[in-house]
Protein chains: 2
Amino acid sequence: MEARVAEQATAQQANRRRATLTRESILEAALRLCSPEGGGQLTFSRLGKELGADPTAVYRHFRDKDELVLALADVTIQEGIELARAKLPGGPSEDWRAWLTVTAESVRASYLARPALAVLAAARTTASPSETGSVELLISVLHQAGLPPIEAAECYRSLLDMTLAMTQYTAAFSSLDRSVQEKDEAAWAVKYGMLPEDEFPLLHQSAPRLTELFRDDDQVFRMVLETFLDGVAARIARAGNA
Amino acid sequence: MEARVAEQATAQQANRRRATLTRESILEAALRLCSPEGGGQLTFSRLGKELGADPTAVYRHFRDKDELVLALADVTIQEGIELARAKLPGGPSEDWRAWLTVTAESVRASYLARPALAVLAAARTTASPSETGSVELLISVLHQAGLPPIEAAECYRSLLDMTLAMTQYTAAFSSLDRSVQEKDEAAWAVKYGMLPEDEFPLLHQSAPRLTELFRDDDQVFRMVLETFLDGVAARIARAGNA
DNA sequence: CGCCGCTGTCAATGGCATTGACAGGCTCGT
DNA sequence: ACGAGCCTGTCAATGCCATTGACAGCGGCG
């Protein structure tokens with residue numbers, strides 16, 4: 001198998017009549033397509049063009065698009081985990097908050113580098129074995145912080161889902177047509193610019209901040225994350241007192 | 001205009017050669033299609049069949065699918081707000097927590113009654129004037145609870161985005177093919193059933209709880225919401241002390 | 001040496017949103 | 001009451017999409 005793959009890779013270099021695909025080359029090309037620079041759209045025909053092969057050749061390596069997407073999600077998640085590991089101190093430190101923050105933001109960043117993939121994959125369960133270690137680690141960080149095991153697991157699950165959901169949400173908006181985005185934004189700005197102060201005093205006052213947040217999904221995510229973590233802190237304190 | 005609509009509605013009853021559409025009848029039919037009972041898929045051809053008219057007739061009333069989806073989102077949001085109002089005491093009470101909980105869950109429920117719509121619309125900004133009052137109300141509840149206006153607005157925005165994101169996330173999964181869902185679930189169960197206890201002690205211990213949560217997105221949402229609100233409570237306390 | 005399986009190619013299918021040409025009927029101004 | 005013109009439904013066609021089945025070359029294995 002190893003030898004075959006190498007051989008095929010060589011054949012690919014030589015510009016033969018038939019393109020020669022591998023699982024890896026396909027994944028690479030697909031990831032490229034998912035990024036904004038790569039067009040931000042994953043379709044078989046684009047993928048074929050990118051690979052210099054017939055679009056349907058991909059079906060020899062992945063049963064259908066779903067399987068391809070799942071594989072892409074897998075490498076993206078792994079990438080996110082590695083990103084987090086690189087930014088984090090070696091062992092499970094006592095700073096649970098930094099751990100959760102960095103992990104969540106790394107996974108998010110990894111997905112947001114390929115919005116098209118985030119839209120397609122975020123709601124799917126990868127269940128890849130590669131992440132299991134990280135999950136145990138994360139839960140143990142929460143456990144050491146003072147949460148009982150089950151509650152730590154619940155907390156991990158909440159954080160993960162929240163992060164993936166917000167990421168997909170952002171990606172969905174950012175992979176809309178520019179024109180649509182601008183339409184939405186214009187409508188929003190008009191609406192918040194014209195609020196009568198006497199009828200909506202608070203809204204009128206915070207309108208500038210709200211329009212600022214409209215442009216900046218990352219800021220909103222960070223706020224949600226911070227508030228969520230404040231809640232976790234409160235739970236830890238409560239568990240400690242009990 | 002009023003008279004015309006009534007007239008057309010009558011003509012619709014009588015099974016004439018030409019179906020007669022109105023904005024309202026289209027919205028109704030589309031909402032039906034978005035619900036699980038209605039098939040859970042919104043396409044022009046289905047919509048045409050549902051209305052007994054040519055699919056392209058819809059274009060006379062909505063410029064494109066996006067405009068239709070936005071309109072559907074609008075009625076869904078309004079429905080959610082009304083749902084919340086029905087469950088809530090009259091004025092802005094002192095119980096900010098109940099307000100936020102009920103509002104978030106009502107909007108979520110309203111969307112989840114039409115998963116197909118949630119997938120399509122949750123990331124879009126409606127900017128409908130109908131909700132403005134509710135937003136002001138929500139912010140004022142947070143303000144009265146002790147948050148400064150800007151922070152109250154940020155908090156509202158965070159909660160809204162989090163809720164919509166989690167809702168879209170759930171809807172995306174629930175509108176997958178049964179077969180795919182079951183595949184995911186099976187993979188998950190296998191993975192968590194076979195964890196070696198010595199390598200993943202915490203994960204092994206909380207596996208049952210985690211598999212339980214897999215099936216129950218609503219429970220996860222409630223957990224996220226609770227934790228988030230705990231965080232808000234901490235902020236309110238902090239603001240009070242300052 | 002010949003068979004078979006792996007993998008790329010090609011043509012076709014069916015679903016989708018969207019468009020433009022057409023046509024009937026209604027309203028409104030005269 | 002009549003005709004112009006718009007409103008709105010219909011039809012045919014376009015182009016993108018995922019997926020399938022038939023076919024063909026290449027390479028390895030018996």
# chains A, B, ... in the order shown; residues from 1 in each chain; ligands from 1
>>> residues_around(residues="DT10 (chain D)", least_positions_apart="4", cutoff="9 Å", atoms="only C-alpha atoms (C1' of nucleotides)", output="PyMOL selection string")
(chain B and resi 54+56-57) or (chain C and resi 22-23)
>>> write_last_selection(atoms="N, CA, C and O atoms (P, O5', C5', C4', C3', O3' and C1' of nucleotides)", output="mmCIF file, in the first residue's frame")
data_model
loop_
_atom_site.group_PDB
_atom_site.id
_atom_site.type_symbol
_atom_site.label_atom_id
_atom_site.label_comp_id
_atom_site.auth_asym_id
_atom_site.auth_seq_id
_atom_site.Cartn_x
_atom_site.Cartn_y
_atom_site.Cartn_z
ATOM 1 N N ASP B 54 -48.097 26.482 -10.581
ATOM 2 C CA ASP B 54 -46.779 26.304 -11.137
ATOM 3 C C ASP B 54 -45.738 26.842 -10.140
ATOM 4 O O ASP B 54 -45.942 27.905 -9.553
ATOM 5 N N THR B 56 -43.028 28.326 -10.483
ATOM 6 C CA THR B 56 -42.456 29.647 -10.751
ATOM 7 C C THR B 56 -43.435 30.786 -10.467
ATOM 8 O O THR B 56 -43.048 31.958 -10.491
ATOM 9 N N ALA B 57 -44.657 30.438 -10.184
ATOM 10 C CA ALA B 57 -45.629 31.493 -9.873
ATOM 11 C C ALA B 57 -45.217 32.253 -8.618
ATOM 12 O O ALA B 57 -45.516 33.441 -8.468
ATOM 13 P P DC C 22 -42.498 35.466 -27.372
ATOM 14 O "O5'" DC C 22 -43.792 35.019 -26.560
ATOM 15 C "C5'" DC C 22 -44.153 33.641 -26.539
ATOM 16 C "C4'" DC C 22 -45.303 33.439 -25.572
ATOM 17 C "C3'" DC C 22 -46.587 34.216 -25.896
ATOM 18 O "O3'" DC C 22 -47.600 33.274 -26.203
ATOM 19 C "C1'" DC C 22 -46.108 34.231 -23.579
ATOM 20 P P DA C 23 -48.978 33.814 -26.846
ATOM 21 O "O5'" DA C 23 -49.983 33.748 -25.624
ATOM 22 C "C5'" DA C 23 -50.075 32.554 -24.840
ATOM 23 C "C4'" DA C 23 -51.041 32.812 -23.709
ATOM 24 C "C3'" DA C 23 -52.225 33.703 -24.127
ATOM 25 O "O3'" DA C 23 -53.383 33.235 -23.481
ATOM 26 C "C1'" DA C 23 -51.091 34.699 -22.342
#
>>> select_by_dssp(residues="region 9-241 of chain A", states="alpha helix (DSSP H)", output="short mmCIF file (atom, residue, chain, number, x, y, z; two decimals) with C-alpha atoms, in the first residue's frame")
data_model
loop_
_atom_site.label_atom_id
_atom_site.label_comp_id
_atom_site.auth_asym_id
_atom_site.auth_seq_id
_atom_site.Cartn_x
_atom_site.Cartn_y
_atom_site.Cartn_z
CA ALA A 9 2.28 10.37 -6.37
CA THR A 10 5.17 10.19 -8.79
CA ALA A 11 2.87 9.45 -11.66
CA GLN A 12 0.91 12.50 -10.65
CA GLN A 13 3.98 14.69 -10.97
CA ARG A 23 -7.05 10.16 -0.60
CA GLU A 24 -4.53 12.72 0.61
CA SER A 25 -4.34 14.76 -2.57
CA ILE A 26 -8.10 14.92 -2.69
CA LEU A 27 -8.39 16.07 0.90
CA GLU A 28 -5.77 18.72 0.29
CA ALA A 29 -7.50 20.05 -2.80
CA ALA A 30 -10.87 19.98 -1.07
CA LEU A 31 -9.54 21.94 1.88
CA ARG A 32 -8.11 24.48 -0.52
CA LEU A 33 -11.51 24.88 -2.14
CA CYS A 34 -13.20 25.39 1.21
CA PHE A 44 -17.36 17.86 -7.24
CA SER A 45 -16.87 19.75 -10.45
CA ARG A 46 -14.62 22.34 -8.85
CA LEU A 47 -12.78 19.59 -7.08
CA GLY A 48 -12.26 17.79 -10.36
CA LYS A 49 -10.89 20.91 -11.96
CA GLU A 50 -8.59 21.54 -9.01
CA LEU A 51 -7.26 18.01 -9.30
CA LYS A 65 -19.91 13.91 -0.48
CA ASP A 66 -20.88 13.28 3.11
CA GLU A 67 -17.99 10.93 3.61
CA LEU A 68 -15.61 13.45 2.11
CA VAL A 69 -16.94 16.18 4.36
CA LEU A 70 -16.56 13.99 7.41
CA ALA A 71 -12.95 13.29 6.52
CA LEU A 72 -12.33 17.00 6.04
CA ALA A 73 -13.93 17.74 9.37
CA ASP A 74 -11.63 15.22 10.93
CA VAL A 75 -8.43 16.85 9.74
CA THR A 76 -9.83 20.27 10.63
CA ILE A 77 -10.62 19.21 14.19
CA GLN A 78 -7.22 17.63 14.58
CA GLU A 79 -5.63 20.79 13.30
CA GLY A 80 -7.57 22.78 15.85
CA ILE A 81 -6.46 20.50 18.64
CA GLU A 82 -2.84 20.77 17.60
CA LEU A 83 -3.17 24.51 17.39
CA ALA A 84 -4.44 24.51 20.95
CA ARG A 85 -1.70 22.21 22.14
CA ALA A 86 0.92 24.51 20.67
CA LYS A 87 -0.46 27.46 22.56
CA TRP A 96 -8.78 25.79 33.52
CA ARG A 97 -10.03 29.01 32.05
CA ALA A 98 -7.08 29.42 29.72
CA TRP A 99 -7.45 25.82 28.64
CA LEU A 100 -11.04 26.12 27.68
CA THR A 101 -10.59 29.48 26.02
CA VAL A 102 -7.63 28.44 23.94
CA THR A 103 -9.19 25.15 22.92
CA ALA A 104 -12.47 26.71 21.90
CA GLU A 105 -10.82 29.49 19.97
CA SER A 106 -8.44 27.14 18.21
CA VAL A 107 -11.18 24.85 17.00
CA ARG A 108 -13.15 27.86 15.90
CA ALA A 109 -10.21 29.39 14.07
CA SER A 110 -9.44 26.12 12.37
CA TYR A 111 -12.98 25.85 11.05
CA LEU A 112 -13.27 29.49 10.11
CA PRO A 115 -16.13 28.52 6.11
CA ALA A 116 -17.62 26.29 3.46
CA LEU A 117 -16.56 23.28 5.45
CA ALA A 118 -17.82 24.75 8.70
CA VAL A 119 -21.26 25.14 7.18
CA LEU A 120 -21.28 21.57 5.91
CA ALA A 121 -19.66 19.77 8.79
CA THR A 132 -10.48 11.29 22.42
CA GLY A 133 -7.31 12.14 24.31
CA SER A 134 -8.04 15.84 24.17
CA VAL A 135 -11.52 15.32 25.47
CA GLU A 136 -10.26 13.36 28.46
CA LEU A 137 -7.71 16.08 29.08
CA LEU A 138 -10.28 18.83 28.94
CA ILE A 139 -12.61 17.04 31.28
CA SER A 140 -9.76 16.36 33.67
CA VAL A 141 -8.89 20.05 33.69
CA LEU A 142 -12.44 20.83 34.72
CA HIS A 143 -12.40 18.03 37.24
CA GLN A 144 -9.21 19.29 38.84
CA ALA A 145 -10.74 22.74 38.95
CA PRO A 149 -16.75 14.13 36.83
CA ILE A 150 -20.24 14.07 35.40
CA GLU A 151 -20.64 17.79 35.70
CA ALA A 152 -17.24 18.27 34.11
CA ALA A 153 -18.32 16.15 31.18
CA GLU A 154 -21.56 18.09 30.83
CA CYS A 155 -19.60 21.27 30.89
CA TYR A 156 -17.25 20.05 28.21
CA ARG A 157 -20.12 19.01 26.04
CA SER A 158 -21.88 22.34 26.48
CA LEU A 159 -18.78 24.27 25.58
CA LEU A 160 -18.08 22.14 22.53
CA ASP A 161 -21.58 22.40 21.14
CA MET A 162 -21.76 26.09 21.82
CA THR A 163 -18.47 26.65 20.06
CA LEU A 164 -19.35 24.57 17.04
CA ALA A 165 -22.77 26.14 16.80
CA MET A 166 -21.45 29.68 16.93
CA THR A 167 -18.78 28.79 14.42
CA GLN A 168 -21.23 27.35 11.96
CA TYR A 169 -23.41 30.37 12.48
CA THR A 170 -20.59 32.74 11.64
CA ALA A 171 -19.45 30.66 8.70
CA ALA A 172 -22.95 30.53 7.28
CA PHE A 173 -23.17 34.28 7.25
CA SER A 174 -19.68 34.82 5.92
CA ARG A 178 -21.28 39.94 -0.52
CA SER A 179 -24.36 41.63 -1.88
CA VAL A 180 -26.65 39.83 0.55
CA GLN A 181 -24.37 40.59 3.46
CA GLU A 182 -24.35 44.24 2.57
CA LYS A 183 -28.10 44.29 2.20
CA ASP A 184 -28.47 42.83 5.68
CA GLU A 185 -25.99 45.23 7.13
CA ALA A 186 -27.58 48.24 5.50
CA ALA A 187 -31.02 47.26 6.76
CA TRP A 188 -29.60 46.83 10.22
CA ALA A 189 -27.82 50.16 10.25
CA VAL A 190 -30.87 52.02 9.01
CA LYS A 191 -33.04 50.38 11.60
CA TYR A 192 -30.76 51.21 14.48
CA GLY A 193 -29.96 54.67 13.27
CA PRO A 201 -34.03 54.87 25.19
CA LEU A 202 -31.72 51.96 25.93
CA LEU A 203 -31.63 50.70 22.38
CA HIS A 204 -30.97 54.19 21.11
CA GLN A 205 -28.10 54.58 23.52
CA SER A 206 -26.43 51.30 22.70
CA ALA A 207 -27.08 51.38 18.97
CA PRO A 208 -23.48 52.24 18.04
CA ARG A 209 -22.19 49.31 20.04
CA LEU A 210 -24.74 46.97 18.51
CA THR A 211 -23.88 47.97 14.95
CA GLU A 212 -20.23 47.49 15.80
CA LEU A 213 -21.01 43.98 16.98
CA PHE A 214 -22.90 43.28 13.79
CA ARG A 215 -19.71 43.46 11.82
CA ASP A 217 -18.85 37.91 14.91
CA ASP A 218 -15.61 37.07 16.61
CA GLN A 219 -16.23 39.68 19.23
CA VAL A 220 -19.67 38.28 19.89
CA PHE A 221 -18.23 34.81 20.18
CA ARG A 222 -15.65 36.01 22.65
CA MET A 223 -18.36 37.66 24.71
CA VAL A 224 -20.49 34.55 24.76
CA LEU A 225 -17.47 32.48 25.69
CA GLU A 226 -16.49 34.82 28.52
CA THR A 227 -19.98 34.87 29.94
CA PHE A 228 -20.21 31.11 29.66
CA LEU A 229 -16.90 30.72 31.47
CA ASP A 230 -18.04 33.12 34.17
CA GLY A 231 -20.92 30.72 34.64
CA VAL A 232 -18.55 27.78 34.85
CA ALA A 233 -16.52 29.66 37.45
CA ALA A 234 -19.65 30.19 39.50
CA ARG A 235 -20.37 26.47 39.32
CA ILE A 236 -16.88 25.62 40.41
CA ALA A 237 -17.18 27.95 43.35
CA ARG A 238 -20.52 26.39 44.24
CA ALA A 239 -19.06 22.89 44.01
CA GLY A 240 -16.17 23.96 46.21
CA ASN A 241 -18.50 25.25 48.91
#
>>> residues_around(residues="DT14 (chain D)", least_positions_apart="3", cutoff="12 Å", atoms="only C-alpha atoms (C1' of nucleotides)", output="NGL selection string")
:C and (17-20)
>>> write_last_selection(atoms="N, CA, C and O atoms (P, O5', C5', C4', C3', O3' and C1' of nucleotides)", output="mmCIF file, in the first residue's frame")
data_model
loop_
_atom_site.group_PDB
_atom_site.id
_atom_site.type_symbol
_atom_site.label_atom_id
_atom_site.label_comp_id
_atom_site.auth_asym_id
_atom_site.auth_seq_id
_atom_site.Cartn_x
_atom_site.Cartn_y
_atom_site.Cartn_z
ATOM 1 P P DA C 17 -35.252 25.070 -4.961
ATOM 2 O "O5'" DA C 17 -34.370 26.088 -5.831
ATOM 3 C "C5'" DA C 17 -33.235 26.689 -5.228
ATOM 4 C "C4'" DA C 17 -32.648 27.734 -6.158
ATOM 5 C "C3'" DA C 17 -33.502 28.986 -6.323
ATOM 6 O "O3'" DA C 17 -32.644 30.108 -6.339
ATOM 7 C "C1'" DA C 17 -33.175 27.945 -8.437
ATOM 8 P P DT C 18 -33.237 31.591 -6.359
ATOM 9 O "O5'" DT C 18 -33.290 31.870 -7.922
ATOM 10 C "C5'" DT C 18 -32.087 31.714 -8.679
ATOM 11 C "C4'" DT C 18 -32.386 31.873 -10.147
ATOM 12 C "C3'" DT C 18 -33.321 33.042 -10.482
ATOM 13 O "O3'" DT C 18 -32.573 33.988 -11.232
ATOM 14 C "C1'" DT C 18 -33.836 31.111 -11.748
ATOM 15 P P DT C 19 -33.250 35.421 -11.615
ATOM 16 O "O5'" DT C 19 -33.535 35.245 -13.171
ATOM 17 C "C5'" DT C 19 -32.560 34.619 -13.985
ATOM 18 C "C4'" DT C 19 -33.100 34.458 -15.397
ATOM 19 C "C3'" DT C 19 -33.993 35.607 -15.852
ATOM 20 O "O3'" DT C 19 -33.426 36.179 -17.020
ATOM 21 C "C1'" DT C 19 -35.031 33.490 -16.280
ATOM 22 P P DG C 20 -33.956 37.504 -17.702
ATOM 23 O "O5'" DG C 20 -34.795 36.993 -18.948
ATOM 24 C "C5'" DG C 20 -34.251 36.020 -19.813
ATOM 25 C "C4'" DG C 20 -35.294 35.619 -20.849
ATOM 26 C "C3'" DG C 20 -36.192 36.770 -21.296
ATOM 27 O "O3'" DG C 20 -36.431 36.665 -22.702
ATOM 28 C "C1'" DG C 20 -37.527 35.050 -20.370
#
>>> closest_atom_pairs(of="chain D", to="chain A", cutoff="12 Å", atoms="only C-alpha atoms (C1' of nucleotides)", output="JSON lines")
{"residue": "D:DC16", "atom": "C1'", "partner": "A:Ser45", "partner_atom": "CA", "distance": 9.5}
{"residue": "D:DC17", "atom": "C1'", "partner": "A:Thr43", "partner_atom": "CA", "distance": 7.7}
{"residue": "D:DA18", "atom": "C1'", "partner": "A:Phe44", "partner_atom": "CA", "distance": 7.9}
{"residue": "D:DT19", "atom": "C1'", "partner": "A:Asp64", "partner_atom": "CA", "distance": 8.2}
{"residue": "D:DT20", "atom": "C1'", "partner": "A:Thr56", "partner_atom": "CA", "distance": 10.0}
{"residue": "D:DG25", "atom": "C1'", "partner": "A:Arg18", "partner_atom": "CA", "distance": 10.0}
{"residue": "D:DC26", "atom": "C1'", "partner": "A:Arg18", "partner_atom": "CA", "distance": 10.8}
{"residue": "D:DG27", "atom": "C1'", "partner": "A:Arg4", "partner_atom": "CA", "distance": 10.6}
{"residue": "D:DG28", "atom": "C1'", "partner": "A:Arg4", "partner_atom": "CA", "distance": 11.3}
>>> atom_distance(atom1="CA of Ala53 (chain B)", atom2="CA of Glu37 (chain B)")
20.8 Å
>>> closest_residue(among="C:DA21, C:DC28, C:DC16, C:DT7", to="chain B", atoms="only C-alpha atoms (C1' of nucleotides)")
C:DC16
>>> closest_residue(among="A:Ser93, A:Ala123, A:Leu147, A:Glu199", to="chain B", atoms="only C-alpha atoms")
A:Ala123
>>> atom_distance(atom1="CA of Leu195 (chain A)", atom2="CA of Glu131 (chain B)")
12.6 Å
>>> atom_distance(atom1="C1' of DA12 (chain D)", atom2="CA of Thr22 (chain B)")
24.7 Å
>>> interface_residues(of="chain C", to="chain A", cutoff="10 Å", atoms="only C-alpha atoms (C1' of nucleotides)", output="PDB file with N, CA, C and O atoms (P, O5', C5', C4', C3', O3' and C1' of nucleotides), in the first residue's frame")
ATOM      1  P    DC C   6     -10.469  -4.086  -5.843  1.00  0.00           P
ATOM      2  O5'  DC C   6      -9.608  -2.745  -5.896  1.00  0.00           O
ATOM      3  C5'  DC C   6      -8.228  -2.820  -6.228  1.00  0.00           C
ATOM      4  C4'  DC C   6      -7.871  -1.704  -7.188  1.00  0.00           C
ATOM      5  C3'  DC C   6      -8.543  -0.355  -6.869  1.00  0.00           C
ATOM      6  O3'  DC C   6      -7.520   0.600  -6.691  1.00  0.00           O
ATOM      7  C1'  DC C   6      -8.663  -0.846  -9.179  1.00  0.00           C
ATOM      8  P    DT C   7      -7.825   2.060  -6.062  1.00  0.00           P
ATOM      9  O5'  DT C   7      -8.081   2.933  -7.360  1.00  0.00           O
ATOM     10  C5'  DT C   7      -7.002   3.181  -8.242  1.00  0.00           C
ATOM     11  C4'  DT C   7      -7.527   3.809  -9.495  1.00  0.00           C
ATOM     12  C3'  DT C   7      -8.398   5.052  -9.253  1.00  0.00           C
ATOM     13  O3'  DT C   7      -7.889   6.053 -10.084  1.00  0.00           O
ATOM     14  C1'  DT C   7      -9.408   3.629 -10.789  1.00  0.00           C
ATOM     15  P    DG C   8      -8.072   7.610  -9.652  1.00  0.00           P
ATOM     16  O5'  DG C   8      -8.405   8.294 -11.053  1.00  0.00           O
ATOM     17  C5'  DG C   8      -7.451   8.211 -12.099  1.00  0.00           C
ATOM     18  C4'  DG C   8      -8.164   8.153 -13.427  1.00  0.00           C
ATOM     19  C3'  DG C   8      -9.094   9.344 -13.707  1.00  0.00           C
ATOM     20  O3'  DG C   8      -8.734   9.925 -14.956  1.00  0.00           O
ATOM     21  C1'  DG C   8     -10.195   7.300 -14.142  1.00  0.00           C
ATOM     22  P    DT C   9      -9.544  11.198 -15.522  1.00  0.00           P
ATOM     23  O5'  DT C   9     -10.647  10.510 -16.447  1.00  0.00           O
ATOM     24  C5'  DT C   9     -10.225   9.751 -17.568  1.00  0.00           C
ATOM     25  C4'  DT C   9     -11.411   9.379 -18.429  1.00  0.00           C
ATOM     26  C3'  DT C   9     -12.348  10.552 -18.759  1.00  0.00           C
ATOM     27  O3'  DT C   9     -12.543  10.542 -20.164  1.00  0.00           O
ATOM     28  C1'  DT C   9     -13.585   8.722 -17.932  1.00  0.00           C
ATOM     29  P    DC C  10     -13.127  11.863 -20.926  1.00  0.00           P
ATOM     30  O5'  DC C  10     -14.581  11.384 -21.362  1.00  0.00           O
ATOM     31  C5'  DC C  10     -14.777  10.037 -21.738  1.00  0.00           C
ATOM     32  C4'  DC C  10     -16.264   9.709 -21.784  1.00  0.00           C
ATOM     33  C3'  DC C  10     -17.179  10.927 -21.973  1.00  0.00           C
ATOM     34  O3'  DC C  10     -18.051  10.647 -23.053  1.00  0.00           O
ATOM     35  C1'  DC C  10     -17.914   9.623 -20.144  1.00  0.00           C
TER      36       DC C  10
END
>>> closest_residue(among="B:Met194, B:Arg63, B:Gln41, B:Phe200", to="chain A", atoms="only C-alpha atoms")
B:Phe200
>>> residues_around(residues="DG5 (chain D)", least_positions_apart="4", cutoff="12 Å", atoms="only C-alpha atoms (C1' of nucleotides)", output="number ranges by chain")
C: 25-29
>>> closest_residue(among="B:Gly146, B:Pro89, B:Gly40, B:Pro129", to="chain A", atoms="only C-alpha atoms")
B:Pro129
